[in-house]
Every structure is written in C-alpha cells, then in structure tokens.
$ cat data-v4.cif   # mmCIF, C-alpha atoms
data_protein
loop_
_atom_site.group_PDB
_atom_site.id
_atom_site.type_symbol
_atom_site.label_atom_id
_atom_site.label_comp_id
_atom_site.auth_asym_id
_atom_site.auth_seq_id
_atom_site.Cartn_x
_atom_site.Cartn_y
_atom_site.Cartn_z
ATOM 1 C CA MET A 1 0.000 0.000 0.000
ATOM 2 C CA VAL A 2 2.618 2.524 -1.093
ATOM 3 C CA THR A 3 3.185 4.628 -4.204
ATOM 4 C CA PRO A 4 6.241 4.161 -6.447
ATOM 5 C CA TRP A 5 7.885 6.995 -4.436
ATOM 6 C CA LEU A 6 7.023 5.111 -1.188
ATOM 7 C CA ALA A 7 4.249 7.363 0.091
ATOM 8 C CA PRO A 8 1.565 5.473 2.045
ATOM 9 C CA VAL A 9 -1.782 4.921 0.326
ATOM 10 C CA VAL A 10 -4.466 4.921 3.019
ATOM 11 C CA TRP A 11 -7.221 2.331 2.789
ATOM 12 C CA GLU A 12 -9.382 0.850 5.509
ATOM 13 C CA GLY A 13 -7.337 -1.745 7.383
ATOM 14 C CA THR A 14 -3.947 -0.179 6.713
ATOM 15 C CA PHE A 15 -3.688 1.770 9.992
ATOM 16 C CA ASN A 16 -4.429 1.517 13.701
ATOM 17 C CA PRO A 17 -6.710 4.477 14.543
ATOM 18 C CA ASN A 18 -6.307 4.247 18.315
ATOM 19 C CA LEU A 19 -2.516 4.180 18.113
ATOM 20 C CA LEU A 20 -2.383 7.124 15.712
ATOM 21 C CA ASP A 21 -4.812 9.182 17.773
ATOM 22 C CA SER A 22 -2.825 8.591 20.947
ATOM 23 C CA ILE A 23 0.354 9.820 19.234
ATOM 24 C CA TYR A 24 -1.224 12.981 17.845
ATOM 25 C CA LYS A 25 -3.127 13.748 21.039
ATOM 26 C CA LEU A 26 0.235 14.205 22.754
ATOM 27 C CA LYS A 27 1.215 16.702 20.064
ATOM 28 C CA ASN A 28 -1.925 18.798 20.703
ATOM 29 C CA ILE A 29 -2.429 19.304 16.973
ATOM 30 C CA ARG A 30 -4.871 21.814 15.517
ATOM 31 C CA ILE A 31 -6.738 21.238 12.255
ATOM 32 C CA ALA A 32 -8.176 23.891 9.934
ATOM 33 C CA ALA A 33 -10.706 23.037 7.245
ATOM 34 C CA THR A 34 -11.961 25.253 4.440
ATOM 35 C CA VAL A 35 -15.261 24.907 2.633
ATOM 36 C CA PHE A 36 -16.762 27.183 -0.025
ATOM 37 C CA ALA A 37 -20.536 27.700 -0.168
ATOM 38 C CA VAL A 38 -21.152 30.312 -2.859
ATOM 39 C CA GLY A 39 -24.564 30.961 -4.384
ATOM 40 C CA LYS A 40 -26.999 28.089 -4.034
ATOM 41 C CA TYR A 41 -24.281 25.814 -2.650
ATOM 42 C CA THR A 42 -25.257 27.022 0.831
ATOM 43 C CA ILE A 43 -27.955 24.316 0.748
ATOM 44 C CA PHE A 44 -25.216 21.730 1.347
ATOM 45 C CA LEU A 45 -23.718 23.394 4.415
ATOM 46 C CA LYS A 46 -25.941 21.927 7.119
ATOM 47 C CA ASN A 47 -25.317 18.331 6.099
ATOM 48 C CA PHE A 48 -21.602 18.956 5.589
ATOM 49 C CA LEU A 49 -21.136 20.579 8.995
ATOM 50 C CA GLU A 50 -23.292 18.118 10.928
ATOM 51 C CA THR A 51 -21.588 15.066 9.467
ATOM 52 C CA ALA A 52 -18.170 16.672 10.001
ATOM 53 C CA GLU A 53 -19.035 16.929 13.695
ATOM 54 C CA GLN A 54 -19.653 13.197 13.734
ATOM 55 C CA HIS A 55 -16.630 11.999 11.756
ATOM 56 C CA PHE A 56 -13.944 14.630 10.953
ATOM 57 C CA PHE A 57 -11.071 14.601 13.461
ATOM 58 C CA VAL A 58 -13.393 13.823 16.350
ATOM 59 C CA GLY A 59 -11.758 14.666 19.684
ATOM 60 C CA PHE A 60 -9.264 17.126 18.165
ATOM 61 C CA GLN A 61 -9.163 20.902 17.869
ATOM 62 C CA VAL A 62 -10.849 21.810 14.578
ATOM 63 C CA HIS A 63 -11.563 25.233 13.082
ATOM 64 C CA VAL A 64 -13.842 25.251 10.033
ATOM 65 C CA TYR A 65 -13.716 28.294 7.743
ATOM 66 C CA VAL A 66 -16.819 28.779 5.593
ATOM 67 C CA PHE A 67 -16.374 31.083 2.600
ATOM 68 C CA THR A 68 -19.713 32.328 1.323
ATOM 69 C CA ASP A 69 -21.495 35.228 -0.332
ATOM 70 C CA ARG A 70 -24.575 34.449 1.778
ATOM 71 C CA PRO A 71 -23.436 34.615 5.414
ATOM 72 C CA LEU A 72 -27.013 34.818 6.683
ATOM 73 C CA ASP A 73 -27.697 31.395 5.146
ATOM 74 C CA VAL A 74 -24.985 29.646 7.168
ATOM 75 C CA PRO A 75 -26.837 27.284 9.530
ATOM 76 C CA GLN A 76 -26.351 27.150 13.277
ATOM 77 C CA VAL A 77 -24.714 23.802 13.990
ATOM 78 C CA LYS A 78 -23.851 22.752 17.526
ATOM 79 C CA MET A 79 -20.110 22.106 17.705
ATOM 80 C CA SER A 80 -18.248 20.112 20.315
ATOM 81 C CA ALA A 81 -15.727 21.600 22.721
ATOM 82 C CA GLY A 82 -12.519 22.600 20.965
ATOM 83 C CA ARG A 83 -14.252 23.030 17.619
ATOM 84 C CA GLN A 84 -15.336 26.313 16.046
ATOM 85 C CA LEU A 85 -16.625 27.851 12.838
ATOM 86 C CA THR A 86 -15.731 31.159 11.199
ATOM 87 C CA VAL A 87 -17.666 32.670 8.286
ATOM 88 C CA ARG A 88 -15.748 34.735 5.742
ATOM 89 C CA SER A 89 -17.563 36.748 3.075
ATOM 90 C CA VAL A 90 -16.566 36.411 -0.576
ATOM 91 C CA PRO A 91 -18.143 37.795 -3.767
ATOM 92 C CA ASN A 92 -20.277 35.678 -6.053
ATOM 93 C CA SER A 93 -19.559 35.076 -9.724
ATOM 94 C CA GLN A 94 -21.575 34.429 -12.858
ATOM 95 C CA ARG A 95 -19.338 31.478 -13.728
ATOM 96 C CA TRP A 96 -18.877 28.461 -11.458
ATOM 97 C CA GLN A 97 -15.453 27.957 -13.043
ATOM 98 C CA GLU A 98 -14.286 31.284 -11.585
ATOM 99 C CA ILE A 99 -15.665 30.375 -8.159
ATOM 100 C CA SER A 100 -13.737 27.107 -8.338
ATOM 101 C CA ALA A 101 -10.500 28.711 -9.455
ATOM 102 C CA ARG A 102 -10.634 31.517 -6.885
ATOM 103 C CA ARG A 103 -10.470 29.044 -4.018
ATOM 104 C CA MET A 104 -6.710 28.618 -4.352
ATOM 105 C CA GLU A 105 -6.094 32.332 -3.851
ATOM 106 C CA LEU A 106 -8.410 32.559 -0.845
ATOM 107 C CA ILE A 107 -6.864 29.539 0.859
ATOM 108 C CA GLN A 108 -3.402 30.983 0.224
ATOM 109 C CA LYS A 109 -4.394 34.276 1.847
ATOM 110 C CA LEU A 110 -6.112 32.550 4.772
ATOM 111 C CA ILE A 111 -2.889 30.711 5.585
ATOM 112 C CA GLU A 112 -0.782 33.862 5.203
ATOM 113 C CA ASP A 113 -3.057 36.158 7.216
ATOM 114 C CA ASN A 114 -4.652 33.969 9.870
ATOM 115 C CA LEU A 115 -3.467 30.422 10.339
ATOM 116 C CA HIS A 116 0.247 30.325 11.095
ATOM 117 C CA SER A 117 -0.318 30.733 14.826
ATOM 118 C CA TYR A 118 -3.566 28.794 14.998
ATOM 119 C CA ALA A 119 -3.270 25.549 13.001
ATOM 120 C CA ASP A 120 -0.809 22.797 12.157
ATOM 121 C CA TYR A 121 -2.665 21.135 9.277
ATOM 122 C CA ILE A 122 -5.319 22.233 6.817
ATOM 123 C CA PHE A 123 -7.776 20.308 4.649
ATOM 124 C CA CYS A 124 -9.664 21.898 1.772
ATOM 125 C CA LEU A 125 -12.987 20.174 1.124
ATOM 126 C CA ASP A 126 -15.995 20.478 -1.193
ATOM 127 C CA VAL A 127 -19.223 21.583 0.495
ATOM 128 C CA ASP A 128 -21.494 19.441 -1.692
ATOM 129 C CA SER A 129 -20.241 16.400 0.196
ATOM 130 C CA GLN A 130 -20.907 14.549 3.423
ATOM 131 C CA PHE A 131 -19.002 12.402 5.898
ATOM 132 C CA HIS A 132 -20.004 8.806 6.558
ATOM 133 C CA GLY A 133 -17.046 7.442 8.502
ATOM 134 C CA ARG A 134 -13.870 8.370 10.276
ATOM 135 C CA TRP A 135 -11.556 10.945 8.696
ATOM 136 C CA GLY A 136 -8.771 11.448 11.199
ATOM 137 C CA THR A 137 -5.085 11.316 12.023
ATOM 138 C CA GLU A 138 -4.383 8.598 9.457
ATOM 139 C CA SER A 139 -4.809 11.325 6.802
ATOM 140 C CA LEU A 140 -2.097 13.634 8.141
ATOM 141 C CA GLY A 141 1.025 14.286 6.097
ATOM 142 C CA GLY A 142 3.128 16.996 4.525
ATOM 143 C CA LEU A 143 1.202 17.132 1.252
ATOM 144 C CA VAL A 144 -1.906 14.962 0.992
ATOM 145 C CA GLY A 145 -3.831 14.107 -2.162
ATOM 146 C CA VAL A 146 -7.003 12.058 -2.659
ATOM 147 C CA ILE A 147 -7.276 9.642 -5.576
ATOM 148 C CA HIS A 148 -10.281 10.503 -7.744
ATOM 149 C CA PRO A 149 -12.938 7.755 -7.543
ATOM 150 C CA GLY A 150 -13.844 8.166 -11.191
ATOM 151 C CA TYR A 151 -10.428 7.248 -12.583
ATOM 152 C CA TYR A 152 -8.525 5.114 -10.087
ATOM 153 C CA ARG A 153 -9.134 1.926 -12.057
ATOM 154 C CA ASP A 154 -8.214 3.523 -15.396
ATOM 155 C CA ASP A 155 -4.949 3.664 -17.257
ATOM 156 C CA ARG A 156 -3.435 7.128 -16.929
ATOM 157 C CA SER A 157 -3.929 7.707 -20.652
ATOM 158 C CA ARG A 158 -7.607 8.160 -19.781
ATOM 159 C CA PHE A 159 -7.031 10.715 -17.016
ATOM 160 C CA PRO A 160 -8.581 14.139 -17.825
ATOM 161 C CA TYR A 161 -5.326 16.052 -17.392
ATOM 162 C CA GLU A 162 -4.861 19.375 -19.162
ATOM 163 C CA ARG A 163 -3.291 18.289 -22.461
ATOM 164 C CA ARG A 164 -2.550 21.648 -24.106
ATOM 165 C CA PRO A 165 1.184 22.399 -23.838
ATOM 166 C CA GLU A 166 0.527 26.136 -23.687
ATOM 167 C CA SER A 167 -1.219 25.774 -20.308
ATOM 168 C CA ARG A 168 0.779 25.778 -17.089
ATOM 169 C CA ALA A 169 -1.407 22.861 -15.959
ATOM 170 C CA TYR A 170 -0.104 20.709 -18.829
ATOM 171 C CA VAL A 171 0.666 17.053 -18.214
ATOM 172 C CA ALA A 172 2.112 15.326 -21.273
ATOM 173 C CA PRO A 173 0.862 11.950 -22.528
ATOM 174 C CA GLY A 174 2.703 9.190 -20.700
ATOM 175 C CA GLU A 175 3.291 11.407 -17.665
ATOM 176 C CA GLY A 176 1.429 11.659 -14.370
ATOM 177 C CA ASP A 177 0.861 9.323 -11.443
ATOM 178 C CA PHE A 178 -2.711 9.319 -10.151
ATOM 179 C CA TYR A 179 -5.593 11.613 -10.978
ATOM 180 C CA TYR A 180 -6.285 13.564 -7.783
ATOM 181 C CA CYS A 181 -9.528 15.191 -6.637
ATOM 182 C CA GLY A 182 -9.772 18.947 -6.527
ATOM 183 C CA GLY A 183 -12.510 18.531 -3.922
ATOM 184 C CA ALA A 184 -10.290 17.205 -1.140
ATOM 185 C CA PHE A 185 -6.624 17.884 -0.435
ATOM 186 C CA GLY A 186 -4.528 19.041 2.463
ATOM 187 C CA GLY A 187 -1.393 18.752 4.545
ATOM 188 C CA THR A 188 0.766 21.034 6.642
ATOM 189 C CA LEU A 189 0.281 24.791 6.365
ATOM 190 C CA GLU A 190 3.633 25.187 4.632
ATOM 191 C CA GLU A 191 2.941 22.559 1.973
ATOM 192 C CA VAL A 192 -0.627 23.661 1.255
ATOM 193 C CA HIS A 193 0.443 27.297 1.119
ATOM 194 C CA LEU A 194 3.038 26.466 -1.516
ATOM 195 C CA LEU A 195 0.519 24.412 -3.501
ATOM 196 C CA THR A 196 -2.200 27.063 -3.454
ATOM 197 C CA LYS A 197 0.195 29.905 -4.216
ATOM 198 C CA THR A 198 1.700 28.031 -7.178
ATOM 199 C CA CYS A 199 -1.671 26.941 -8.564
ATOM 200 C CA HIS A 200 -3.116 30.437 -8.199
ATOM 201 C CA THR A 201 -0.114 32.052 -9.883
ATOM 202 C CA ASN A 202 -0.236 29.566 -12.751
ATOM 203 C CA PHE A 203 -3.968 30.069 -13.161
ATOM 204 C CA ILE A 204 -3.542 33.853 -13.360
ATOM 205 C CA ASP A 205 -0.650 33.574 -15.821
ATOM 206 C CA ASP A 206 -2.730 31.231 -17.995
ATOM 207 C CA ALA A 207 -5.662 33.651 -17.866
ATOM 208 C CA LYS A 208 -3.457 36.522 -19.077
ATOM 209 C CA GLU A 209 -2.849 34.431 -22.188
ATOM 210 C CA GLY A 210 -6.519 33.544 -22.626
ATOM 211 C CA ILE A 211 -6.157 29.984 -21.331
ATOM 212 C CA GLU A 212 -8.408 28.210 -18.837
ATOM 213 C CA ALA A 213 -7.324 24.711 -17.872
ATOM 214 C CA ALA A 214 -9.743 21.885 -18.593
ATOM 215 C CA TRP A 215 -10.785 21.443 -14.946
ATOM 216 C CA GLN A 216 -9.610 24.786 -13.510
ATOM 217 C CA GLU A 217 -8.033 24.340 -10.052
ATOM 218 C CA GLU A 218 -8.156 20.541 -10.283
ATOM 219 C CA SER A 219 -6.027 20.599 -13.424
ATOM 220 C CA HIS A 220 -3.441 22.849 -11.795
ATOM 221 C CA LEU A 221 -3.487 20.729 -8.635
ATOM 222 C CA ASN A 222 -2.791 17.590 -10.684
ATOM 223 C CA ARG A 223 0.123 19.241 -12.446
ATOM 224 C CA TYR A 224 1.513 20.377 -9.088
ATOM 225 C CA MET A 225 1.158 16.953 -7.459
ATOM 226 C CA TRP A 226 2.800 15.229 -10.386
ATOM 227 C CA ILE A 227 5.906 17.415 -9.955
ATOM 228 C CA ASN A 228 5.702 17.679 -6.145
ATOM 229 C CA LYS A 229 4.751 14.172 -5.034
ATOM 230 C CA PRO A 230 2.326 13.920 -2.094
ATOM 231 C CA SER A 231 3.836 12.447 1.053
ATOM 232 C CA LYS A 232 0.554 10.645 1.698
ATOM 233 C CA VAL A 233 -2.159 9.530 -0.728
ATOM 234 C CA LEU A 234 -5.711 8.873 0.417
ATOM 235 C CA SER A 235 -7.752 6.194 -1.333
ATOM 236 C CA PRO A 236 -11.132 6.933 -2.979
ATOM 237 C CA GLU A 237 -12.728 6.164 0.396
ATOM 238 C CA TYR A 238 -11.941 9.815 1.158
ATOM 239 C CA LEU A 239 -14.065 11.257 -1.647
ATOM 240 C CA TRP A 240 -16.394 8.734 -3.214
ATOM 241 C CA GLN A 241 -19.331 9.706 -5.437
ATOM 242 C CA ASP A 242 -22.826 8.896 -4.188
ATOM 243 C CA PHE A 243 -24.105 8.122 -7.677
ATOM 244 C CA LYS A 244 -21.520 5.340 -8.089
ATOM 245 C CA PRO A 245 -22.069 1.807 -6.798
ATOM 246 C CA ARG A 246 -19.344 0.894 -4.338
ATOM 247 C CA ASN A 247 -16.594 -1.247 -5.862
ATOM 248 C CA PRO A 248 -15.628 -4.379 -3.875
ATOM 249 C CA GLU A 249 -12.234 -3.003 -2.806
ATOM 250 C CA VAL A 250 -13.957 -0.001 -1.187
ATOM 251 C CA HIS A 251 -14.933 -1.434 2.193
ATOM 252 C CA LEU A 252 -15.830 1.923 3.729
ATOM 253 C CA VAL A 253 -16.879 5.280 2.296
ATOM 254 C CA ARG A 254 -15.645 8.025 4.600
ATOM 255 C CA PHE A 255 -16.550 11.126 2.583
ATOM 256 C CA SER A 256 -18.572 11.456 -0.595
ATOM 257 C CA GLY A 257 -19.962 13.931 -3.085
ATOM 258 C CA VAL A 258 -23.755 13.989 -2.845
ATOM 259 C CA ILE A 259 -26.102 13.541 -5.794
ATOM 260 C CA LYS A 260 -27.200 16.912 -7.161
ATOM 261 C CA ASN A 261 -28.722 18.708 -10.132
ATOM 262 C CA TYR A 262 -25.931 20.917 -11.442
ATOM 263 C CA ALA A 263 -28.317 22.879 -13.656
ATOM 264 C CA ALA A 264 -30.197 23.988 -10.560
ATOM 265 C CA ILE A 265 -27.215 25.122 -8.491
ATOM 266 C CA ARG A 266 -24.486 26.301 -10.880
ATOM 267 C CA PRO A 267 -24.842 29.825 -12.302
ATOM 268 C CA ASN A 268 -23.742 29.113 -15.886
ATOM 269 C CA VAL A 269 -24.608 25.477 -16.572
#
$ encode --input "data-v4.cif" --output "structure tokens"
Amino acid sequence: MVTPWLAPVVWEGTFNPNLLDSIYKLKNIRIAATVFAVGKYTIFLKNFLETAEQHFFVGFQVHVYVFTDRPLDVPQVKMSAGRQLTVRSVPNSQRWQEISARRMELIQKLIEDNLHSYADYIFCLDVDSQFHGRWGTESLGGLVGVIHPGYYRDDRSRFPYERRPESRAYVAPGEGDFYYCGGAFGGTLEEVHLLTKTCHTNFIDDAKEGIEAAWQEESHLNRYMWINKPSKVLSPEYLWQDFKPRNPEVHLVRFSGVIKNYAAIRPNV
C-alpha cells in the first residue's frame, strides 16, 4: 500500500486508529478546514457541517472556515468543545469555473493572514459532500492528495489532465501518477500554502494568455502533485461519489460527493 515513491496509500485496514490518535493527542495538533458555499451551494452546508461533527477529526481541535457570499444562510450547527466555525464573506460570480478557481487564492491568503499561529494542518474540502465514517489522524502528512474515484481503475492515458502544452497545468501523454480530486486535499500549512500559491499564480498567468485549464483548479493541482509528489495519498474512500455503486475493494466510504442537479445550483450550466 505505497506509491512508487514510497508514500503510504491509506485504505481501511492499513492503519491503527487508536494508536495514531494517541500519538497525535500528545502533540496537541490543531486542524483547519476550508469549505466554499457560494450561491446556491449554501444548501449543502448543514449536512456537511453536521456530518463533520460526527466523523472529521473527532476529539481534536478543529476550526472550520466557511467562505460564502450568503453569510445569513450559514446554519447554526452545535459544535463540540474545541471546535469552532468562522464565516468569511466572498463575492459571487456568474461562472462556477471562476468560483472554483478563486479558491486557491483565498486559501493561500487565509494561511498567510490567519493560520500560522492557529493551526498545524489544513484540509480543503468540497461543500457538496458529506461524511459517513472516520476521517482522522491517518490522513495527516506533509502534502496529501485524494485519488479521484472516477479514474482510479483507469490507465493514466484516460485521465482528464490538461493536455494543451501552452497551459501551465499541462501534463504530457505518458506522464502523471494518479488523478487527484480537486474537492479534497490538504497537509501542513507550509505545503498547502506552496501548492495554493503556485496553482493560483499559474492560473492567473494562464488567464493573461486567454487559457483556462480543462478542470480549472483541479487541473493545476494535478500538475503540481505530479511534480511535487504527495507524502501521503488517500484512497477513494476519502471522496467517493454517491451516484456510483461501491466497488468491492472499497470497504468503507468516509466522505462522498452527494447527488445533485448541477443545472439547478451552478450559475452558468
């Protein structure tokens, strides 16, 4: 259960949760999580936050940052001791692609301006998702990527990398390792800051030349993680898709994207 560069790949049964928790409890670690609920995506917040209370780093210090253009729509969710929520206002956009791409810049600035004294690790998660099982200390690492559930059985020639050489998200045919989710990634503040800063800069430089990568931030993230290998890789248990039947090797779904009508929630679909 390791990558070719010897990073652990985390599946159910590959770790001892009690042992890991006891080690990290002594370190008094603090976890930040970001989630973006812009426009109609606020409808997913209640389920996301309530299931996070049940499964995401239970028993640890957790600070959830909700970025939204509708702060009054953020639900009141009872949080356990040591856990808190902060709402940060952001503008809306007429294109969901711009909302997606802007996340890298906002996460970068959050780390620079607020987190260095208040968190050790950060995870960046999609709001249109819910937790079903433990997501905890087994996921911690320097740079952490999640294998996309839609492509993990495919040959990499089928991965939807950005294939135009003029884009800074370009991954050439025959190159690449896994195809990683844009909807779940994380690691230490230092590693995630470098990732978000690089991806944001590359996105802006592409835009100046009239280029938008095939899958916006996810394309840039995949380019970055091909060059800068994750120190830990999480299996598709950590972001399954609710519309997919569970494959036999997936014994437990920990986090999943919920079924939704994109035409009803995205501004330019």
$ resolve_selection --input "data-v4.cif" --expression "the PyMOL selection byres ((chain A and resi 61) around 9)" --output "count of residues only"
16
$ resolve_selection --input "data-v4.cif" --expression "the PyMOL selection byres ((chain A and resi 172) around 10)" --output "list of chain:residue names"
A:Ser157, A:Tyr161, A:Glu162, A:Arg163, A:Arg164, A:Pro165, A:Ala169, A:Tyr170, A:Val171, A:Pro173, A:Gly174, A:Glu175, A:Gly176, A:Arg223
$ resolve_selection --input "data-v4.cif" --expression "the PyMOL selection byres ((chain A and resi 139) around 9)" --output "JSON, numbers by chain"
{"A": [10, 135, 136, 137, 138, 140, 141, 144, 186, 187, 232, 233, 234]}
$ atom_distance --input "data-v4.cif" --atom1 "atom CA of Gln216 of chain A" --atom2 "atom CA of Gly133 of chain A"
29.0 Å
$ closest_residue --input "data-v4.cif" --among "A:Leu19, A:Met1, A:Leu189, A:Val35" --to "Tyr65 of chain A" --atoms "all atoms listed in the file"
A:Val35
$ closest_residue --input "data-v4.cif" --among "A:Glu212, A:Glu53, A:Glu12, A:Asp155" --to "Tyr179 of chain A" --atoms "all atoms listed in the file"
A:Asp155
$ closest_residue --input "data-v4.cif" --among "A:Arg88, A:Lys229, A:Lys109, A:Arg168" --to "Asn202 of chain A" --atoms "only C-alpha atoms"
A:Arg168
$ closest_residue --input "data-v4.cif" --among "A:Val9, A:Gln130, A:Tyr24, A:Leu45" --to "Gln76 of chain A" --atoms "all atoms listed in the file"
A:Leu45
$ atom_distance --input "data-v4.cif" --atom1 "atom CA of Arg134 of chain A" --atom2 "atom CA of Val74 of chain A"
24.2 Å
$ atom_distance --input "data-v4.cif" --atom1 "atom CA of Ser167 of chain A" --atom2 "atom CA of Leu125 of chain A"
25.1 Å
$ closest_residue --input "data-v4.cif" --among "A:Val2, A:Leu106, A:Cys124, A:Ala213" --to "Glu166 of chain A" --atoms "all atoms listed in the file"
A:Ala213
$ closest_residue --input "data-v4.cif" --among "A:Ser80, A:Gln108, A:Thr51, A:Thr86" --to "Ser256 of chain A" --atoms "all atoms listed in the file"
A:Thr51
$ residues_around --input "data-v4.cif" --residues "Val250 of chain A" --least-positions-apart "4" --cutoff "8 Å" --atoms "all atoms listed in the file" --output "list in words"
Pro236, Glu237 and Arg246 of chain A
$ residues_around --input "data-v4.cif" --residues "Asp128 of chain A" --least-positions-apart "2" --cutoff "7 Å" --atoms "all atoms listed in the file" --output "list of chain:residue names"
A:Phe44, A:Asp126, A:Gly257, A:Val258
$ residues_around --input "data-v4.cif" --residues "Val38 of chain A" --least-positions-apart "6" --cutoff "7 Å" --atoms "all atoms listed in the file" --output "JSON list (two decimals) with C-alpha atoms, in the frame of the given file"
[["chain", "number", "residue", "atom", "x", "y", "z"],
["A", 68, "THR", "CA", -19.71, 32.33, 1.32],
["A", 69, "ASP", "CA", -21.50, 35.23, -0.33],
["A", 92, "ASN", "CA", -20.28, 35.68, -6.05]]
$ residues_around --input "data-v4.cif" --residues "segment 145-151 of chain A" --least-positions-apart "6" --cutoff "9 Å" --atoms "all atoms listed in the file" --output "PDB file with C-alpha atoms, in the frame of the given file"
ATOM      1  CA  ARG A 158      -7.607   8.160 -19.781  1.00  0.00           C
ATOM      2  CA  PHE A 159      -7.031  10.715 -17.016  1.00  0.00           C
ATOM      3  CA  PRO A 160      -8.581  14.139 -17.825  1.00  0.00           C
ATOM      4  CA  PHE A 178      -2.711   9.319 -10.151  1.00  0.00           C
ATOM      5  CA  TYR A 179      -5.593  11.613 -10.978  1.00  0.00           C
ATOM      6  CA  TYR A 180      -6.285  13.564  -7.783  1.00  0.00           C
ATOM      7  CA  CYS A 181      -9.528  15.191  -6.637  1.00  0.00           C
ATOM      8  CA  GLY A 182      -9.772  18.947  -6.527  1.00  0.00           C
ATOM      9  CA  GLY A 183     -12.510  18.531  -3.922  1.00  0.00           C
ATOM     10  CA  ALA A 184     -10.290  17.205  -1.140  1.00  0.00           C
ATOM     11  CA  PHE A 185      -6.624  17.884  -0.435  1.00  0.00           C
ATOM     12  CA  GLY A 186      -4.528  19.041   2.463  1.00  0.00           C
ATOM     13  CA  GLY A 187      -1.393  18.752   4.545  1.00  0.00           C
ATOM     14  CA  MET A 225       1.158  16.953  -7.459  1.00  0.00           C
ATOM     15  CA  PRO A 230       2.326  13.920  -2.094  1.00  0.00           C
ATOM     16  CA  SER A 231       3.836  12.447   1.053  1.00  0.00           C
ATOM     17  CA  LYS A 232       0.554  10.645   1.698  1.00  0.00           C
ATOM     18  CA  VAL A 233      -2.159   9.530  -0.728  1.00  0.00           C
ATOM     19  CA  LEU A 234      -5.711   8.873   0.417  1.00  0.00           C
ATOM     20  CA  SER A 235      -7.752   6.194  -1.333  1.00  0.00           C
ATOM     21  CA  PRO A 236     -11.132   6.933  -2.979  1.00  0.00           C
ATOM     22  CA  GLU A 237     -12.728   6.164   0.396  1.00  0.00           C
ATOM     23  CA  TYR A 238     -11.941   9.815   1.158  1.00  0.00           C
ATOM     24  CA  LEU A 239     -14.065  11.257  -1.647  1.00  0.00           C
ATOM     25  CA  TRP A 240     -16.394   8.734  -3.214  1.00  0.00           C
ATOM     26  CA  GLN A 241     -19.331   9.706  -5.437  1.00  0.00           C
ATOM     27  CA  LYS A 244     -21.520   5.340  -8.089  1.00  0.00           C
TER      28      LYS A 244
END
$ residues_around --input "data-v4.cif" --residues "Met104 of chain A" --least-positions-apart "6" --cutoff "7 Å" --atoms "only C-alpha atoms" --output "NGL selection string"
:A and (196 or 199-200)
$ build_atoms --input "data-v4.cif" --residues "segment 244-257 of chain A" --atoms "N, CA, C and O atoms" --output "short mmCIF file (atom, residue, chain, number, x, y, z; two decimals), in the frame of the given file"
data_model
loop_
_atom_site.label_atom_id
_atom_site.label_comp_id
_atom_site.auth_asym_id
_atom_site.auth_seq_id
_atom_site.Cartn_x
_atom_site.Cartn_y
_atom_site.Cartn_z
N LYS A 244 -22.25 6.52 -7.66
CA LYS A 244 -21.52 5.34 -8.09
C LYS A 244 -21.79 4.16 -7.14
O LYS A 244 -21.74 4.34 -5.94
N PRO A 245 -22.04 2.98 -7.68
CA PRO A 245 -22.07 1.81 -6.80
C PRO A 245 -20.68 1.58 -6.22
O PRO A 245 -19.67 1.86 -6.87
N ARG A 246 -20.63 1.09 -5.00
CA ARG A 246 -19.34 0.89 -4.34
C ARG A 246 -18.63 -0.32 -4.92
O ARG A 246 -19.20 -1.41 -4.99
N ASN A 247 -17.39 -0.14 -5.35
CA ASN A 247 -16.59 -1.25 -5.86
C ASN A 247 -16.16 -2.14 -4.71
O ASN A 247 -16.03 -1.69 -3.56
N PRO A 248 -15.90 -3.44 -4.97
CA PRO A 248 -15.63 -4.38 -3.88
C PRO A 248 -14.41 -4.04 -3.03
O PRO A 248 -14.37 -4.39 -1.85
N GLU A 249 -13.42 -3.35 -3.60
CA GLU A 249 -12.23 -3.00 -2.81
C GLU A 249 -12.49 -1.82 -1.88
O GLU A 249 -11.67 -1.52 -1.01
N VAL A 250 -13.61 -1.14 -2.05
CA VAL A 250 -13.96 0.00 -1.19
C VAL A 250 -14.83 -0.53 -0.05
O VAL A 250 -16.04 -0.65 -0.17
N HIS A 251 -14.22 -0.85 1.07
CA HIS A 251 -14.93 -1.43 2.19
C HIS A 251 -15.67 -0.39 3.01
O HIS A 251 -16.62 -0.72 3.74
N LEU A 252 -15.24 0.86 2.92
CA LEU A 252 -15.83 1.92 3.73
C LEU A 252 -15.75 3.23 2.97
O LEU A 252 -14.69 3.60 2.46
N VAL A 253 -16.87 3.93 2.85
CA VAL A 253 -16.88 5.28 2.30
C VAL A 253 -16.84 6.25 3.47
O VAL A 253 -17.71 6.24 4.34
N ARG A 254 -15.81 7.08 3.50
CA ARG A 254 -15.64 8.02 4.60
C ARG A 254 -16.23 9.40 4.27
O ARG A 254 -16.73 10.09 5.17
N PHE A 255 -16.15 9.79 3.01
CA PHE A 255 -16.55 11.13 2.58
C PHE A 255 -17.00 10.98 1.14
O PHE A 255 -16.38 10.24 0.37
N SER A 256 -18.08 11.64 0.77
CA SER A 256 -18.57 11.46 -0.60
C SER A 256 -19.26 12.71 -1.10
O SER A 256 -19.83 13.49 -0.33
N GLY A 257 -19.21 12.88 -2.42
CA GLY A 257 -19.96 13.93 -3.08
C GLY A 257 -21.41 13.51 -3.25
O GLY A 257 -21.69 12.41 -3.74
#
